[in-house]
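K.L.:
What follows is a structure written as structure tokens; I'll ask about it next.
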Amino acid sequence: MTELVQLNFPENYQIRLKQAQDKLYIFCLIRKNWMIYTPEEWVRQHVLKFLMDDLGYSSSAIALEVPIPINGMRKRADIVVYQQEKPLIMVECKATNVPISQATFDQIARYNIVLGSQFLMVTNGLNHFYCVMNFEEKRYQFLRNLPMNN
């Protein structure tokens, strides 16, 4: 059995897992389907619980693996939260063994040039970084947390 890493979130979220045919599966809250367990998916499902349970965003406002065309290639944003049909928050999830680096921020910044999200979150489940965009100055400012849905 895969060892599940305890992640750094406000609550101990109940993430549904099942074992079938010698494989571990994790239930996706947005897709409403069982996915093969990966360390990144473990982080993603915790982030979804955080966005919905702690910050109050509706599952209907959240999209996963949103296609982003960059230099003729199709990249994907892990999680995008929409507000009034505009991207509000974009999240980049990494597995717990992947350190958050400048390259991670460069990746989400490149994606956001296309997407235009107001807030960014980068996480490996252990370390979370939140930013607000300043589009005029083409930079981001770090925050203590993301805004709650009002």
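Numbering starts fresh at 1 for the residues of each chain in the structure tokens, the chains themselves are lettered A, B, ... in the order given, and ligands are numbered from 1 as they appear.
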Find the spatial neighbours of Ala63 of chain A, counting only C-alpha atoms, within a cut-off of 7 Å - ignore same-chain residues fewer than 4 positions away - and output them as a list in words.
P.N.:
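Skipping anything fewer than 4 positions along the chain leaves Ile79, Val80 and Val81 of chain A.
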K.L.:
Each residue of segment 39-141 of chain A lying at most 12 Å from segment 12-31 of chain A should get a row with its shortest atom-to-atom pair and the distance in Å to one decimal, counting only C-alpha atoms; could you produce that, ordered by chain and increasing number, as JSON lines?
P.N.:
```
{"residue": "A:Pro39", "atom": "CA", "partner": "A:Ile26", "partner_atom": "CA", "distance": 10.4}
{"residue": "A:Glu40", "atom": "CA", "partner": "A:Ile26", "partner_atom": "CA", "distance": 11.1}
{"residue": "A:Glu41", "atom": "CA", "partner": "A:Ile26", "partner_atom": "CA", "distance": 7.8}
{"residue": "A:Trp42", "atom": "CA", "partner": "A:Ile26", "partner_atom": "CA", "distance": 7.5}
{"residue": "A:Val43", "atom": "CA", "partner": "A:Ile15", "partner_atom": "CA", "distance": 10.4}
{"residue": "A:Arg44", "atom": "CA", "partner": "A:Cys28", "partner_atom": "CA", "distance": 8.9}
{"residue": "A:Gln45", "atom": "CA", "partner": "A:Cys28", "partner_atom": "CA", "distance": 6.6}
{"residue": "A:His46", "atom": "CA", "partner": "A:Tyr13", "partner_atom": "CA", "distance": 6.9}
{"residue": "A:Val47", "atom": "CA", "partner": "A:Tyr13", "partner_atom": "CA", "distance": 9.9}
{"residue": "A:Leu48", "atom": "CA", "partner": "A:Leu29", "partner_atom": "CA", "distance": 7.3}
{"residue": "A:Lys49", "atom": "CA", "partner": "A:Tyr13", "partner_atom": "CA", "distance": 7.0}
{"residue": "A:Phe50", "atom": "CA", "partner": "A:Tyr13", "partner_atom": "CA", "distance": 8.5}
{"residue": "A:Leu51", "atom": "CA", "partner": "A:Leu29", "partner_atom": "CA", "distance": 11.4}
{"residue": "A:Met52", "atom": "CA", "partner": "A:Leu29", "partner_atom": "CA", "distance": 9.9}
{"residue": "A:Asp53", "atom": "CA", "partner": "A:Tyr13", "partner_atom": "CA", "distance": 9.3}
{"residue": "A:Asp54", "atom": "CA", "partner": "A:Tyr13", "partner_atom": "CA", "distance": 10.6}
{"residue": "A:Ser58", "atom": "CA", "partner": "A:Ile30", "partner_atom": "CA", "distance": 10.0}
{"residue": "A:Ser59", "atom": "CA", "partner": "A:Ile30", "partner_atom": "CA", "distance": 6.2}
{"residue": "A:Ser60", "atom": "CA", "partner": "A:Ile30", "partner_atom": "CA", "distance": 8.0}
{"residue": "A:Ala61", "atom": "CA", "partner": "A:Ile30", "partner_atom": "CA", "distance": 9.8}
{"residue": "A:Ile62", "atom": "CA", "partner": "A:Ile30", "partner_atom": "CA", "distance": 7.4}
{"residue": "A:Ala63", "atom": "CA", "partner": "A:Ile30", "partner_atom": "CA", "distance": 7.5}
{"residue": "A:Leu64", "atom": "CA", "partner": "A:Ile30", "partner_atom": "CA", "distance": 7.6}
{"residue": "A:Glu65", "atom": "CA", "partner": "A:Arg31", "partner_atom": "CA", "distance": 10.8}
{"residue": "A:Ile79", "atom": "CA", "partner": "A:Ile30", "partner_atom": "CA", "distance": 10.2}
{"residue": "A:Val80", "atom": "CA", "partner": "A:Ile30", "partner_atom": "CA", "distance": 11.5}
{"residue": "A:Val81", "atom": "CA", "partner": "A:Ile30", "partner_atom": "CA", "distance": 11.6}
```
K.L.:
Hey, can you spit out that residue selection with N, CA and C atoms as an mmCIF file, in the first residue's frame?
P.N.:
```cif
data_model
loop_
_atom_site.group_PDB
_atom_site.id
_atom_site.type_symbol
_atom_site.label_atom_id
_atom_site.label_comp_id
_atom_site.auth_asym_id
_atom_site.auth_seq_id
_atom_site.Cartn_x
_atom_site.Cartn_y
_atom_site.Cartn_z
ATOM 1 N N PRO A 39 0.863 10.954 -6.187
ATOM 2 C CA PRO A 39 1.154 11.941 -5.139
ATOM 3 C C PRO A 39 0.632 13.346 -5.486
ATOM 4 N N GLU A 40 0.685 13.724 -6.764
ATOM 5 C CA GLU A 40 0.161 15.038 -7.164
ATOM 6 C C GLU A 40 -1.359 15.094 -7.018
ATOM 7 N N GLU A 41 -2.041 13.984 -7.349
ATOM 8 C CA GLU A 41 -3.506 13.958 -7.210
ATOM 9 C C GLU A 41 -3.905 14.027 -5.732
ATOM 10 N N TRP A 42 -3.120 13.431 -4.855
ATOM 11 C CA TRP A 42 -3.337 13.511 -3.409
ATOM 12 C C TRP A 42 -3.316 14.980 -2.973
ATOM 13 N N VAL A 43 -2.328 15.740 -3.467
ATOM 14 C CA VAL A 43 -2.240 17.173 -3.157
ATOM 15 C C VAL A 43 -3.430 17.908 -3.767
ATOM 16 N N ARG A 44 -3.745 17.623 -5.041
ATOM 17 C CA ARG A 44 -4.836 18.321 -5.726
ATOM 18 C C ARG A 44 -6.161 18.151 -4.986
ATOM 19 N N GLN A 45 -6.480 16.961 -4.529
ATOM 20 C CA GLN A 45 -7.756 16.746 -3.837
ATOM 21 C C GLN A 45 -7.802 17.501 -2.507
ATOM 22 N N HIS A 46 -6.675 17.618 -1.838
ATOM 23 C CA HIS A 46 -6.628 18.417 -0.605
ATOM 24 C C HIS A 46 -6.828 19.902 -0.913
ATOM 25 N N VAL A 47 -6.226 20.370 -1.993
ATOM 26 C CA VAL A 47 -6.410 21.774 -2.386
ATOM 27 C C VAL A 47 -7.880 22.031 -2.708
ATOM 28 N N LEU A 48 -8.528 21.093 -3.383
ATOM 29 C CA LEU A 48 -9.954 21.256 -3.702
ATOM 30 C C LEU A 48 -10.778 21.372 -2.422
ATOM 31 N N LYS A 49 -10.495 20.517 -1.433
ATOM 32 C CA LYS A 49 -11.205 20.608 -0.147
ATOM 33 C C LYS A 49 -10.950 21.965 0.509
ATOM 34 N N PHE A 50 -9.720 22.430 0.460
ATOM 35 C CA PHE A 50 -9.355 23.730 1.015
ATOM 36 C C PHE A 50 -10.149 24.856 0.333
ATOM 37 N N LEU A 51 -10.183 24.836 -0.994
ATOM 38 C CA LEU A 51 -10.903 25.877 -1.742
ATOM 39 C C LEU A 51 -12.400 25.852 -1.437
ATOM 40 N N MET A 52 -12.976 24.662 -1.347
ATOM 41 C CA MET A 52 -14.424 24.546 -1.145
ATOM 42 C C MET A 52 -14.806 24.667 0.336
ATOM 43 N N ASP A 53 -14.153 23.900 1.200
ATOM 44 C CA ASP A 53 -14.564 23.852 2.608
ATOM 45 C C ASP A 53 -14.094 25.062 3.414
ATOM 46 N N ASP A 54 -12.866 25.505 3.175
ATOM 47 C CA ASP A 54 -12.305 26.592 3.981
ATOM 48 C C ASP A 54 -12.519 27.973 3.374
ATOM 49 N N SER A 58 -17.576 27.234 -4.727
ATOM 50 C CA SER A 58 -18.451 26.151 -5.172
ATOM 51 C C SER A 58 -17.708 25.235 -6.137
ATOM 52 N N SER A 59 -18.013 23.950 -6.071
ATOM 53 C CA SER A 59 -17.394 23.005 -7.011
ATOM 54 C C SER A 59 -17.744 23.371 -8.455
ATOM 55 N N SER A 60 -18.887 24.005 -8.670
ATOM 56 C CA SER A 60 -19.279 24.397 -10.033
ATOM 57 C C SER A 60 -18.435 25.556 -10.573
ATOM 58 N N ALA A 61 -17.704 26.249 -9.699
ATOM 59 C CA ALA A 61 -16.844 27.358 -10.122
ATOM 60 C C ALA A 61 -15.404 26.902 -10.365
ATOM 61 N N ILE A 62 -15.140 25.600 -10.176
ATOM 62 C CA ILE A 62 -13.778 25.080 -10.251
ATOM 63 C C ILE A 62 -13.627 24.170 -11.463
ATOM 64 N N ALA A 63 -12.537 24.372 -12.207
ATOM 65 C CA ALA A 63 -12.214 23.522 -13.355
ATOM 66 C C ALA A 63 -10.815 22.931 -13.145
ATOM 67 N N LEU A 64 -10.622 21.713 -13.648
ATOM 68 C CA LEU A 64 -9.334 21.036 -13.534
ATOM 69 C C LEU A 64 -8.689 20.881 -14.899
ATOM 70 N N GLU A 65 -7.362 20.911 -14.894
ATOM 71 C CA GLU A 65 -6.573 20.708 -16.102
ATOM 72 C C GLU A 65 -7.076 21.566 -17.261
ATOM 73 N N ILE A 79 -5.639 23.634 -11.451
ATOM 74 C CA ILE A 79 -6.940 24.048 -10.914
ATOM 75 C C ILE A 79 -7.160 25.519 -11.257
ATOM 76 N N VAL A 80 -8.362 25.837 -11.711
ATOM 77 C CA VAL A 80 -8.744 27.239 -11.928
ATOM 78 C C VAL A 80 -10.104 27.455 -11.279
ATOM 79 N N VAL A 81 -10.175 28.488 -10.447
ATOM 80 C CA VAL A 81 -11.441 28.893 -9.826
ATOM 81 C C VAL A 81 -11.937 30.109 -10.602
#
```
K.L.:
Taking 3 positions as the minimum chain separation for residues in the same chain, which residues sit within 6 Å of segment 88-99 of chain A when counting only C-alpha atoms? Answer as a list of chain:residue names.
P.N.:
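The contact residues come out as A:Pro39, A:Glu40, A:Asp78, A:Ile79, A:Val80, A:Val81, A:Tyr82, A:Gln83, A:Ser117, A:Gln118, A:Phe119, A:Leu120, A:Met121, A:Val122, A:Thr123, A:Asn124, A:Gly125.
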K.L.:
In terms of the shortest atom-to-atom distance over only C-alpha atoms, which of A:His128, A:Asn134, A:Leu7, A:Tyr111 is closest to Met73 of chain A?
P.N.:
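Looking only at the distances to Met73 of chain A, the closest residue turns out to be A:Tyr111.
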K.L.:
From the DSSP assignment of the backbone, select every residue of chain A that is alpha helix (DSSP H), and format the answer as a PyMOL selection string.
P.N.:
chain A and resi 39-49+102-115
K.L.:
Selection from above, N, CA, C and O atoms, as a compact mmCIF listing (two decimals), in the first residue's frame, can you write it?
P.N.:
```txt
# COMPACT_ATOMS: atom_id res chain seq x y z
N PRO A 39 0.86 10.95 -6.19
CA PRO A 39 1.15 11.94 -5.14
C PRO A 39 0.63 13.35 -5.49
O PRO A 39 0.16 14.06 -4.61
N GLU A 40 0.68 13.72 -6.76
CA GLU A 40 0.16 15.04 -7.16
C GLU A 40 -1.36 15.09 -7.02
O GLU A 40 -1.92 16.11 -6.60
N GLU A 41 -2.04 13.98 -7.35
CA GLU A 41 -3.51 13.96 -7.21
C GLU A 41 -3.91 14.03 -5.73
O GLU A 41 -4.92 14.63 -5.38
N TRP A 42 -3.12 13.43 -4.85
CA TRP A 42 -3.34 13.51 -3.41
C TRP A 42 -3.32 14.98 -2.97
O TRP A 42 -4.19 15.44 -2.26
N VAL A 43 -2.33 15.74 -3.47
CA VAL A 43 -2.24 17.17 -3.16
C VAL A 43 -3.43 17.91 -3.77
O VAL A 43 -4.08 18.72 -3.11
N ARG A 44 -3.74 17.62 -5.04
CA ARG A 44 -4.84 18.32 -5.73
C ARG A 44 -6.16 18.15 -4.99
O ARG A 44 -6.91 19.12 -4.83
N GLN A 45 -6.48 16.96 -4.53
CA GLN A 45 -7.76 16.75 -3.84
C GLN A 45 -7.80 17.50 -2.51
O GLN A 45 -8.85 17.99 -2.10
N HIS A 46 -6.67 17.62 -1.84
CA HIS A 46 -6.63 18.42 -0.60
C HIS A 46 -6.83 19.90 -0.91
O HIS A 46 -7.53 20.61 -0.19
N VAL A 47 -6.23 20.37 -1.99
CA VAL A 47 -6.41 21.77 -2.39
C VAL A 47 -7.88 22.03 -2.71
O VAL A 47 -8.44 23.06 -2.32
N LEU A 48 -8.53 21.09 -3.38
CA LEU A 48 -9.95 21.26 -3.70
C LEU A 48 -10.78 21.37 -2.42
O LEU A 48 -11.67 22.22 -2.32
N LYS A 49 -10.50 20.52 -1.43
CA LYS A 49 -11.21 20.61 -0.15
C LYS A 49 -10.95 21.97 0.51
O LYS A 49 -11.87 22.58 1.04
N GLN A 102 11.90 28.63 -7.97
CA GLN A 102 11.64 29.73 -8.89
C GLN A 102 11.05 29.20 -10.20
O GLN A 102 10.19 29.83 -10.79
N ALA A 103 11.49 28.00 -10.61
CA ALA A 103 10.96 27.41 -11.84
C ALA A 103 9.46 27.16 -11.74
O ALA A 103 8.73 27.32 -12.72
N THR A 104 8.98 26.80 -10.54
CA THR A 104 7.55 26.59 -10.33
C THR A 104 6.79 27.90 -10.51
O THR A 104 5.74 27.93 -11.16
N PHE A 105 7.34 28.97 -9.94
CA PHE A 105 6.69 30.29 -10.09
C PHE A 105 6.77 30.77 -11.54
O PHE A 105 5.82 31.36 -12.04
N ASP A 106 7.89 30.49 -12.22
CA ASP A 106 8.01 30.87 -13.63
C ASP A 106 6.96 30.14 -14.46
O ASP A 106 6.34 30.72 -15.36
N GLN A 107 6.72 28.86 -14.14
CA GLN A 107 5.72 28.06 -14.86
C GLN A 107 4.33 28.66 -14.70
O GLN A 107 3.63 28.91 -15.70
N ILE A 108 3.91 28.94 -13.48
CA ILE A 108 2.56 29.46 -13.26
C ILE A 108 2.43 30.88 -13.82
O ILE A 108 1.39 31.26 -14.34
N ALA A 109 3.52 31.65 -13.78
CA ALA A 109 3.50 33.01 -14.34
C ALA A 109 3.31 32.95 -15.86
O ALA A 109 2.55 33.74 -16.43
N ARG A 110 3.99 32.01 -16.53
CA ARG A 110 3.82 31.84 -17.99
C ARG A 110 2.38 31.47 -18.31
O ARG A 110 1.77 32.00 -19.24
N TYR A 111 1.82 30.54 -17.54
CA TYR A 111 0.43 30.14 -17.75
C TYR A 111 -0.50 31.33 -17.55
O TYR A 111 -1.48 31.51 -18.28
N ASN A 112 -0.19 32.16 -16.56
CA ASN A 112 -1.09 33.25 -16.22
C ASN A 112 -1.02 34.41 -17.22
O ASN A 112 -1.95 35.20 -17.29
N ILE A 113 0.03 34.49 -18.00
CA ILE A 113 0.07 35.49 -19.08
C ILE A 113 -1.10 35.23 -20.02
O ILE A 113 -1.76 36.15 -20.49
N VAL A 114 -1.40 33.96 -20.26
CA VAL A 114 -2.52 33.57 -21.13
C VAL A 114 -3.84 33.63 -20.38
O VAL A 114 -4.83 34.17 -20.87
N LEU A 115 -3.86 33.08 -19.15
CA LEU A 115 -5.12 32.93 -18.42
C LEU A 115 -5.62 34.23 -17.79
O LEU A 115 -6.81 34.52 -17.81
```
